[in-house]
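Here's the structure, in structure tokens; my notes come after.
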Amino acid sequence: MRHEQLSELGQQLRVDSVRAADAAGSGHPTSSMSAADLMAVLMGNHLRYDFEQPERPGNDHLIFSKGHASPLLYSVYKAAGALRDEEFVTFRKRGSRLEGHPTPRLPWVDVATGSLGQGLPYGVGMALSGKRLDHVPYRVWVLCGDSEMAEGSMWEAFEHAGYERLDNLIAIIDVNRLGQRGPTRHEWDLDAYARRIRAFDWHTIEIDGHDIEAIDRAYAEALSTVGRPTAIIARTMKGRGVASVENREGMHGKPLKNPEEAIAELGGVRNLAVPVLGPPSVAPTRPFAEGPLVLPRYNTGDPVPTRDAFGEAVAAVGTARGDVVALDGEVGDSTRLEYFHKEHPERYFEFFIAEQQLVAAAVGMQVRGWNPYVSTFAAFFTRAYDFIRMAAISDADLNLIGSHAGVAIGEDGPSQMGVEDLAAIRAVHGSTVLYPCDANQTAQLTAAMAAESGIRYLRTTRGGMPVIYPPTESFPIGGSKVVRATDDDQVTLIGAGITLHEAIEAADRLAQEGIPARVIDLYSVKPVDAETLRTAAEVTGRLITVEDHHPEGGLGDAVLGAFGDGRPVPRTIRLALRTMPGSSTPDEQLSEAGIDADAIVAAARELVGRDC
């Protein structure tokens with residue numbers, strides 16, 4: 001498009017941003033107006049996208065990392081003919097696809113944004129897919145705000161993109177100087193941003209973000225840059241074009257008070273239709289060979305760490321499924337993800353100690369149809385929890401594996417112990433939470449995760465635990481296993497992972513005392529097997545839950561949730577970690593936490609004796 005047309009398109013995007021916020025009575029029009037010219041030039045001359053076929057493999061990807069500028073994004077879709085005006089003015093209304101921040105309810109939105117600092121890390125994952133997995137020449141464009149440049153996740157993304165030489169990734173930084181409550185850290189000092197970004201091996205271009213010709217040249221330069229990603233750092237004005245709000249503090253996140261006057265000041269309503277460039281014609285490929293699923297098999301009685309079983313199983317799943325990729329946070333030798341690396345190095349990605357970028361890249365890769373297995377210590381996923389939460393809003397499909405869970409890791413001490421992870425992931429919308437107790441169970445669940453949807457979490461243990469199930473046993477997600485049971489059971493012991501073994505030992509000892517105990521292996525913490533739990537409660541009337549986790553939100557809460565529909569709650573004792581652990585052996589840790597067989601036996605005696 002000619003520069004005069006692009007200037008008019010920029011004004012149209014501003015007007016429509018004002019209109020959208022006015023129709024909603026809320027929103028961020030001034031944040032949208034600053035980047036309108038940047039998006040007009042991108043849309044008119046450089047973005048390659050088929051809005052009628054958003055799944056075309058050659059389509060570029062456009063991510064609004066500054067997701068609060070959604071009025072601008074929806075204005076872009078309207079100008080492309082993808083949205084009708086009747087839907088456009090439903091912005092932020094109940095039932096509308098045009099939510100306050102973008103989500104994949106719209107087919108042209110790849111990932112949910114709005115929690116700042118996430119769009120560029122997602123873009124790294126998509127760009128990596130294009131280079132190393134898809135081998136397709138799409139480009140990834142990410143509109144970033146200057147406020148979110150204070151987020152550490154942005155700098156994890158800058159460093160990793162430079163390290164990987166992702167020249168198919170272009171960051172467009174809208175430096176409008178004003179954040180939510182006042183000026184940003186560097187205001188309009190473009191060189192302050194450029195110096196930092198260049199340090200991570202990026203090509204940088206500093207421009208006036210309202211100079212149509214300069215913007216056009218910058219995009220062309222970015223596309224001709226080989227071997228480095230490009231950051232276009234654009235000086236803009238918040239509220240550009242309307243004197244009452246332009247470059248004024250206190251206007252963030254508010255519709256304009258006089259929208260009709262503002263629209264007139266911007267030159268009135270326009271209805272330009274933009275012929276967006278089509279993507280290159282490329283065939284979708286899955287270049288990696290597939291084979292039969294041959295899971296590892298373990299002999300009953302052998303002590304095998306579940307982390308070992310996970311590593312061997314995920315390598316087998318990678319052989320069977322060419323869409324499986326593995327992402328590591330520089331702990332693959334501990335999590336055993338290194339086994340996948342040895343078998344499938346071309347689908348293994350190392351993200352070093354950058355857990356936010358680790359999870360974000362997986363979200364970006366699954367946009368492209370890949371099936372990521374992401375592994376680090378369970379404790380370290382807390383660094384990336386916001387990305388996991390947002391992944392659910394993106395309707396993303398991820399396999400997360402947290403190793404070194406609980407106090408059972410022993411001498412490393414509390415900084416390395418994942419003792420909040422079950423609660424955290426259970427709270428994520430639509431999540432699946434699995435906690436296997438032996439190697440064959442782990443292998444089966446690792447394979448089952450690949451066919452599930454949503455956020456799937458598998459908790460593994462550092463030390464060896466005896467194999468109790470044969471390799472032919474099945475473990476449906478949402479199920480459980482009744483390991484011990486008689487018609488005369490007086491109490492039910494419920495564990496998972498390492499505490500299941502403590503519960504079995506406790507049941508054997510209680511039987512010698514004349515207290516028959518039922519033992520349930522609750523390997524599926526979410527969804528939970530409510531039917532089995534209710535049956536056990538009817539038979540025994542007494543439950544003891546045992547978990548290597550804090551009492552809040554973990555296995556005990558999952559069990560009690562099975563009785564949350566008005567059913568009577570049986571007498572229950574909940575054994576969990578209630579003190580701050582230190583460094584000691586695994587056995588000492590379990591004893592000190594009060595979750596070993598001794599503690600279970602004592603709780604059962606108390607519970608049975610209380611009712612006698």
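Naming works like this for the structure tokens: A, B, ... for the chains as they're shown, residue 1 at the start of each chain, ligands 1 onward in shown order.
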
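For Met449 of chain A, the list of residues within 7 Å, based on only C-alpha atoms and with local chain neighbours fewer than 4 positions off taken out, reads A:Asn399, A:Leu445, A:Arg456.
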
field: DSSP-assigned alpha helix (DSSP H) members of segment 302-506 of chain A, reported as a PyMOL selection string
entry: chain A and resi 306-320+332-335+338-343+355-367+385-393+421-426+439-449+498-506

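For the residues A:Val111, A:Ala424, A:Val467, A:Ile212, ranking by smallest atom-to-atom distance to Gly364 of chain A using only C-alpha atoms places A:Val111 first.
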
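Proximity ranking of A:Arg567, A:His550, A:His61, A:Arg518 relative to Ile595 of chain A places A:His550 first, based on only C-alpha atoms.
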
task: Please identify all polymer residues within 10 Å of segment 129-135 of chain A, counting only C-alpha atoms, omitting same-chain residues fewer than 4 positions from it, and present them as a PyMOL selection string.
output: chain A and resi 57-58+123-125+139-140+164-169+282-288+323+325+346-347+349+361-362+364-370

Filtering to N, CA and C atoms, could you give me those residues as a short mmCIF file (atom, residue, chain, number, x, y, z; two decimals), in the first residue's frame?
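The resulting out_36.cif:
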```
data_model
loop_
_atom_site.label_atom_id
_atom_site.label_comp_id
_atom_site.auth_asym_id
_atom_site.auth_seq_id
_atom_site.Cartn_x
_atom_site.Cartn_y
_atom_site.Cartn_z
N PRO A 57 -0.02 -23.35 7.13
CA PRO A 57 1.30 -23.44 7.78
C PRO A 57 2.22 -22.28 7.47
N GLY A 58 2.02 -21.58 6.34
CA GLY A 58 2.90 -20.49 5.99
C GLY A 58 2.51 -19.14 6.57
N GLY A 123 6.70 -15.95 21.45
CA GLY A 123 7.23 -15.80 20.10
C GLY A 123 8.51 -16.58 19.88
N VAL A 124 9.35 -16.66 20.92
CA VAL A 124 10.57 -17.46 20.81
C VAL A 124 10.23 -18.91 20.50
N GLY A 125 9.22 -19.45 21.20
CA GLY A 125 8.82 -20.84 20.94
C GLY A 125 8.31 -21.03 19.53
N ARG A 139 7.13 -15.73 9.60
CA ARG A 139 7.77 -14.78 10.51
C ARG A 139 6.90 -14.59 11.75
N VAL A 140 7.51 -14.29 12.85
CA VAL A 140 6.80 -14.06 14.12
C VAL A 140 7.00 -12.60 14.51
N GLU A 164 19.82 -18.41 19.90
CA GLU A 164 19.35 -19.31 18.84
C GLU A 164 19.38 -18.67 17.46
N ARG A 165 19.75 -17.38 17.37
CA ARG A 165 19.87 -16.67 16.09
C ARG A 165 18.54 -16.71 15.31
N LEU A 166 17.47 -16.33 15.99
CA LEU A 166 16.13 -16.44 15.40
C LEU A 166 15.82 -15.22 14.53
N ASP A 167 16.32 -15.25 13.31
CA ASP A 167 16.09 -14.10 12.43
C ASP A 167 14.68 -14.07 11.85
N ASN A 168 13.85 -15.03 12.23
CA ASN A 168 12.44 -14.99 11.85
C ASN A 168 11.57 -14.37 12.93
N LEU A 169 12.19 -13.76 13.95
CA LEU A 169 11.48 -13.13 15.06
C LEU A 169 11.75 -11.63 15.04
N VAL A 282 3.21 -23.55 1.36
CA VAL A 282 4.13 -24.58 1.86
C VAL A 282 3.29 -25.75 2.34
N ALA A 283 3.83 -26.92 2.20
CA ALA A 283 3.13 -28.12 2.66
C ALA A 283 3.48 -28.37 4.12
N PRO A 284 2.47 -28.68 4.95
CA PRO A 284 2.78 -29.04 6.33
C PRO A 284 3.58 -30.32 6.38
N THR A 285 4.59 -30.33 7.21
CA THR A 285 5.45 -31.51 7.28
C THR A 285 5.63 -31.95 8.73
N ARG A 286 5.80 -33.23 8.90
CA ARG A 286 6.25 -33.79 10.16
C ARG A 286 7.42 -34.69 9.79
N PRO A 287 8.62 -34.11 9.75
CA PRO A 287 9.76 -34.83 9.17
C PRO A 287 10.30 -35.96 10.03
N PHE A 288 9.75 -36.16 11.21
CA PHE A 288 10.36 -37.12 12.13
C PHE A 288 9.64 -38.46 12.06
N ASP A 323 5.46 -36.09 16.85
CA ASP A 323 5.09 -34.74 17.25
C ASP A 323 5.57 -34.37 18.64
N VAL A 325 8.04 -33.26 21.51
CA VAL A 325 9.29 -32.52 21.70
C VAL A 325 9.55 -32.43 23.20
N GLU A 346 17.24 -33.96 17.79
CA GLU A 346 16.67 -32.93 16.93
C GLU A 346 15.36 -32.36 17.48
N ARG A 347 14.78 -33.03 18.46
CA ARG A 347 13.52 -32.55 19.07
C ARG A 347 13.71 -32.19 20.54
N PHE A 349 15.19 -29.42 23.31
CA PHE A 349 15.50 -28.00 23.40
C PHE A 349 15.96 -27.67 24.82
N ALA A 361 8.05 -21.19 25.77
CA ALA A 361 8.42 -21.80 24.48
C ALA A 361 7.54 -23.00 24.18
N ALA A 362 7.23 -23.77 25.22
CA ALA A 362 6.34 -24.92 25.01
C ALA A 362 4.97 -24.48 24.55
N GLY A 364 4.35 -21.78 22.84
CA GLY A 364 4.51 -21.40 21.44
C GLY A 364 4.61 -22.59 20.51
N MET A 365 5.30 -23.63 20.94
CA MET A 365 5.45 -24.81 20.08
C MET A 365 4.13 -25.56 19.91
N GLN A 366 3.32 -25.63 20.97
CA GLN A 366 2.06 -26.36 20.82
C GLN A 366 1.09 -25.60 19.92
N VAL A 367 1.27 -24.29 19.77
CA VAL A 367 0.48 -23.55 18.78
C VAL A 367 0.70 -24.14 17.39
N ARG A 368 1.91 -24.59 17.14
CA ARG A 368 2.26 -25.14 15.84
C ARG A 368 1.96 -26.64 15.73
N GLY A 369 1.29 -27.19 16.73
CA GLY A 369 0.87 -28.59 16.65
C GLY A 369 1.82 -29.58 17.28
N TRP A 370 2.87 -29.09 17.95
CA TRP A 370 3.80 -30.00 18.61
C TRP A 370 3.29 -30.37 20.00
#
```

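With atom CA of Ala558 of chain A on one side and atom CA of Gly301 of chain A on the other, the separation reads 29.0 Å.
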
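The residue that comes closest to Arg56 of chain A, out of A:Tyr348, A:Trp108, A:Tyr469, A:Phe158 and on the basis of only C-alpha atoms, is A:Trp108.
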
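Scanning segment 149-270 of chain A with DSSP on the backbone, the strand (DSSP E or B) assignments fall on Leu169, Ile170, Ala171, Ile172, Ile173, Asp174, Val175, Leu178, Pro183, His203, Thr204, Ile205, Glu206, Ile207, Asp208, Thr230, Ala231, Ile232, Ile233, Ala234 and Arg235 of chain A.
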
Selection above as a file: all heavy atoms, as a compact mmCIF listing (two decimals), in the first residue's frame:
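Saved to out.txt:
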```txt
# COMPACT_ATOMS: atom_id res chain seq x y z
N LEU A 169 12.19 -13.76 13.95
CA LEU A 169 11.48 -13.13 15.06
C LEU A 169 11.75 -11.63 15.04
O LEU A 169 12.90 -11.20 15.02
CB LEU A 169 11.96 -13.74 16.38
CG LEU A 169 11.38 -13.15 17.67
CD1 LEU A 169 9.87 -13.38 17.75
CD2 LEU A 169 12.08 -13.75 18.90
N ILE A 170 10.67 -10.85 15.04
CA ILE A 170 10.78 -9.38 15.06
C ILE A 170 9.98 -8.84 16.22
O ILE A 170 8.75 -9.06 16.30
CB ILE A 170 10.28 -8.74 13.74
CG1 ILE A 170 11.01 -9.32 12.53
CG2 ILE A 170 10.44 -7.23 13.79
CD1 ILE A 170 10.24 -10.39 11.79
N ALA A 171 10.65 -8.17 17.14
CA ALA A 171 9.98 -7.49 18.25
C ALA A 171 9.76 -6.04 17.88
O ALA A 171 10.70 -5.36 17.43
CB ALA A 171 10.82 -7.60 19.52
N ILE A 172 8.54 -5.56 18.06
CA ILE A 172 8.19 -4.17 17.78
C ILE A 172 7.87 -3.54 19.14
O ILE A 172 6.87 -3.90 19.76
CB ILE A 172 6.98 -4.06 16.85
CG1 ILE A 172 7.21 -4.87 15.56
CG2 ILE A 172 6.66 -2.61 16.52
CD1 ILE A 172 5.94 -5.18 14.80
N ILE A 173 8.72 -2.64 19.61
CA ILE A 173 8.56 -2.09 20.95
C ILE A 173 7.93 -0.70 20.84
O ILE A 173 8.52 0.22 20.28
CB ILE A 173 9.90 -2.04 21.68
CG1 ILE A 173 10.54 -3.43 21.69
CG2 ILE A 173 9.71 -1.54 23.11
CD1 ILE A 173 11.96 -3.45 22.22
N ASP A 174 6.74 -0.59 21.38
CA ASP A 174 5.96 0.64 21.35
C ASP A 174 6.36 1.49 22.56
O ASP A 174 5.82 1.33 23.65
CB ASP A 174 4.47 0.28 21.37
CG ASP A 174 3.57 1.50 21.41
OD1 ASP A 174 4.02 2.57 21.00
OD2 ASP A 174 2.41 1.36 21.87
N VAL A 175 7.31 2.38 22.36
CA VAL A 175 7.83 3.20 23.46
C VAL A 175 7.01 4.48 23.55
O VAL A 175 7.39 5.52 22.99
CB VAL A 175 9.33 3.49 23.27
CG1 VAL A 175 9.89 4.24 24.49
CG2 VAL A 175 10.12 2.21 23.05
N LEU A 178 4.59 6.26 28.72
CA LEU A 178 3.73 6.26 29.89
C LEU A 178 3.23 4.86 30.20
O LEU A 178 2.74 4.14 29.33
CB LEU A 178 2.52 7.19 29.66
CG LEU A 178 2.85 8.68 29.57
CD1 LEU A 178 1.60 9.47 29.22
CD2 LEU A 178 3.46 9.18 30.88
N PRO A 183 5.32 7.68 34.20
CA PRO A 183 6.33 7.38 33.19
C PRO A 183 6.99 6.03 33.41
O PRO A 183 7.11 5.55 34.55
CB PRO A 183 7.35 8.52 33.36
CG PRO A 183 6.60 9.61 34.03
CD PRO A 183 5.60 8.93 34.92
N HIS A 203 19.71 -7.43 16.31
CA HIS A 203 19.81 -6.24 15.48
C HIS A 203 18.75 -5.26 15.96
O HIS A 203 17.60 -5.67 16.20
CB HIS A 203 19.59 -6.61 14.02
CG HIS A 203 19.60 -5.45 13.08
ND1 HIS A 203 20.67 -4.59 12.97
CD2 HIS A 203 18.65 -4.99 12.20
CE1 HIS A 203 20.40 -3.67 12.07
NE2 HIS A 203 19.19 -3.88 11.60
N THR A 204 19.09 -4.01 16.15
CA THR A 204 18.13 -3.02 16.63
C THR A 204 17.99 -1.88 15.65
O THR A 204 18.94 -1.49 14.96
CB THR A 204 18.54 -2.45 18.00
OG1 THR A 204 19.80 -1.79 17.89
CG2 THR A 204 18.63 -3.56 19.05
N ILE A 205 16.77 -1.34 15.57
CA ILE A 205 16.46 -0.20 14.71
C ILE A 205 15.64 0.78 15.54
O ILE A 205 14.59 0.41 16.08
CB ILE A 205 15.67 -0.63 13.46
CG1 ILE A 205 16.37 -1.78 12.72
CG2 ILE A 205 15.44 0.55 12.53
CD1 ILE A 205 15.51 -2.42 11.63
N GLU A 206 16.09 2.02 15.63
CA GLU A 206 15.37 3.05 16.38
C GLU A 206 14.67 3.98 15.40
O GLU A 206 15.29 4.50 14.47
CB GLU A 206 16.33 3.82 17.28
CG GLU A 206 17.06 2.95 18.29
CD GLU A 206 18.16 3.70 19.02
OE1 GLU A 206 17.92 4.87 19.42
OE2 GLU A 206 19.26 3.13 19.17
N ILE A 207 13.37 4.20 15.62
CA ILE A 207 12.59 4.99 14.67
C ILE A 207 11.57 5.86 15.38
O ILE A 207 11.27 5.66 16.56
CB ILE A 207 11.83 4.08 13.66
CG1 ILE A 207 10.84 3.17 14.40
CG2 ILE A 207 12.78 3.31 12.78
CD1 ILE A 207 9.88 2.43 13.47
N ASP A 208 11.04 6.81 14.63
CA ASP A 208 9.83 7.54 15.02
C ASP A 208 8.65 6.64 14.66
O ASP A 208 8.41 6.35 13.48
CB ASP A 208 9.77 8.86 14.26
CG ASP A 208 8.49 9.66 14.53
OD1 ASP A 208 7.54 9.11 15.13
OD2 ASP A 208 8.44 10.83 14.11
N THR A 230 15.47 -9.20 15.22
CA THR A 230 15.46 -7.75 15.12
C THR A 230 14.46 -7.15 16.10
O THR A 230 13.34 -7.65 16.23
CB THR A 230 15.10 -7.29 13.69
OG1 THR A 230 16.12 -7.73 12.79
CG2 THR A 230 14.99 -5.78 13.61
N ALA A 231 14.88 -6.07 16.75
CA ALA A 231 13.98 -5.28 17.59
C ALA A 231 13.84 -3.90 16.98
O ALA A 231 14.84 -3.20 16.77
CB ALA A 231 14.52 -5.17 19.01
N ILE A 232 12.61 -3.53 16.68
CA ILE A 232 12.30 -2.19 16.18
C ILE A 232 11.79 -1.39 17.36
O ILE A 232 10.75 -1.70 17.94
CB ILE A 232 11.26 -2.25 15.05
CG1 ILE A 232 11.85 -3.04 13.87
CG2 ILE A 232 10.83 -0.86 14.63
CD1 ILE A 232 10.84 -3.39 12.80
N ILE A 233 12.56 -0.37 17.74
CA ILE A 233 12.27 0.41 18.94
C ILE A 233 11.69 1.74 18.49
O ILE A 233 12.39 2.58 17.93
CB ILE A 233 13.55 0.60 19.77
CG1 ILE A 233 14.21 -0.76 20.03
CG2 ILE A 233 13.26 1.30 21.08
CD1 ILE A 233 15.65 -0.68 20.48
N ALA A 234 10.39 1.90 18.71
CA ALA A 234 9.66 3.00 18.11
C ALA A 234 9.22 4.01 19.16
O ALA A 234 8.52 3.67 20.11
CB ALA A 234 8.45 2.45 17.36
N ARG A 235 9.60 5.27 18.97
CA ARG A 235 9.14 6.36 19.84
C ARG A 235 7.73 6.75 19.40
O ARG A 235 7.51 7.16 18.26
CB ARG A 235 10.08 7.56 19.74
CG ARG A 235 9.74 8.70 20.68
CD ARG A 235 10.65 9.90 20.37
NE ARG A 235 10.58 10.94 21.38
CZ ARG A 235 9.66 11.91 21.43
NH1 ARG A 235 8.68 11.94 20.53
NH2 ARG A 235 9.70 12.83 22.38
```

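Neighbouring residues of Asp397 of chain A at 6 Å or closer, counting only C-alpha atoms and skipping chain neighbours under 5 positions away, are Ser453, Gly454 and Ile455 of chain A.
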
Write the selection just made, keeping N, CA and C atoms, as a CSV table (one decimal), in the first residue's frame?
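Contents of the output file selection.csv:
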```
chain,number,residue,atom,x,y,z
A,453,SER,N,-5.6,-33.6,26.8
A,453,SER,CA,-5.7,-32.1,26.5
A,453,SER,C,-5.5,-31.3,27.7
A,454,GLY,N,-5.2,-30.0,27.5
A,454,GLY,CA,-5.0,-29.1,28.7
A,454,GLY,C,-3.6,-29.2,29.3
A,455,ILE,N,-3.5,-28.7,30.5
A,455,ILE,CA,-2.3,-28.8,31.3
A,455,ILE,C,-2.2,-30.1,32.0
```

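Reported to one decimal place, the separation of atom CA of Gln490 of chain A from atom CA of Pro586 of chain A is 29.7 Å.
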
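The environment of Thr113 of chain A within 7 Å, counting only C-alpha atoms and disregarding residues fewer than 4 places along the same chain, consists of Phe64, Ser65, Gly67, His101, Pro102, Thr103, Gln118 and Gly119 of chain A.
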
message: At a cut-off of 12 Å, using only C-alpha atoms, what residues contact Gly209 of chain A? Leave out same-chain residues fewer than 5 positions from it and give the result as an MDAnalysis selection string.
response: chainID A and resid 7 10 33:42 172:176 188 190 214:219 232:238 240

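Residues in contact with Gly410 of chain A at up to 12 Å, not including ones fewer than 6 positions away on its chain and judged by only C-alpha atoms, are His404, Gln416, Met417, Gly418, Thr461, Arg462, Gly463, Asp548, Pro581, Gly582, Ser583, Ser584, Thr585, Pro586, Asp587, Glu588, Gln589, Leu590, Ser591, Glu592 and Ala593 of chain A.
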
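Nearest-residue note for Leu422 of chain A: choosing from A:Ser334, A:Ser394, A:Ser524, A:Ser375, the minimum distance belongs to A:Ser524, counting only C-alpha atoms.
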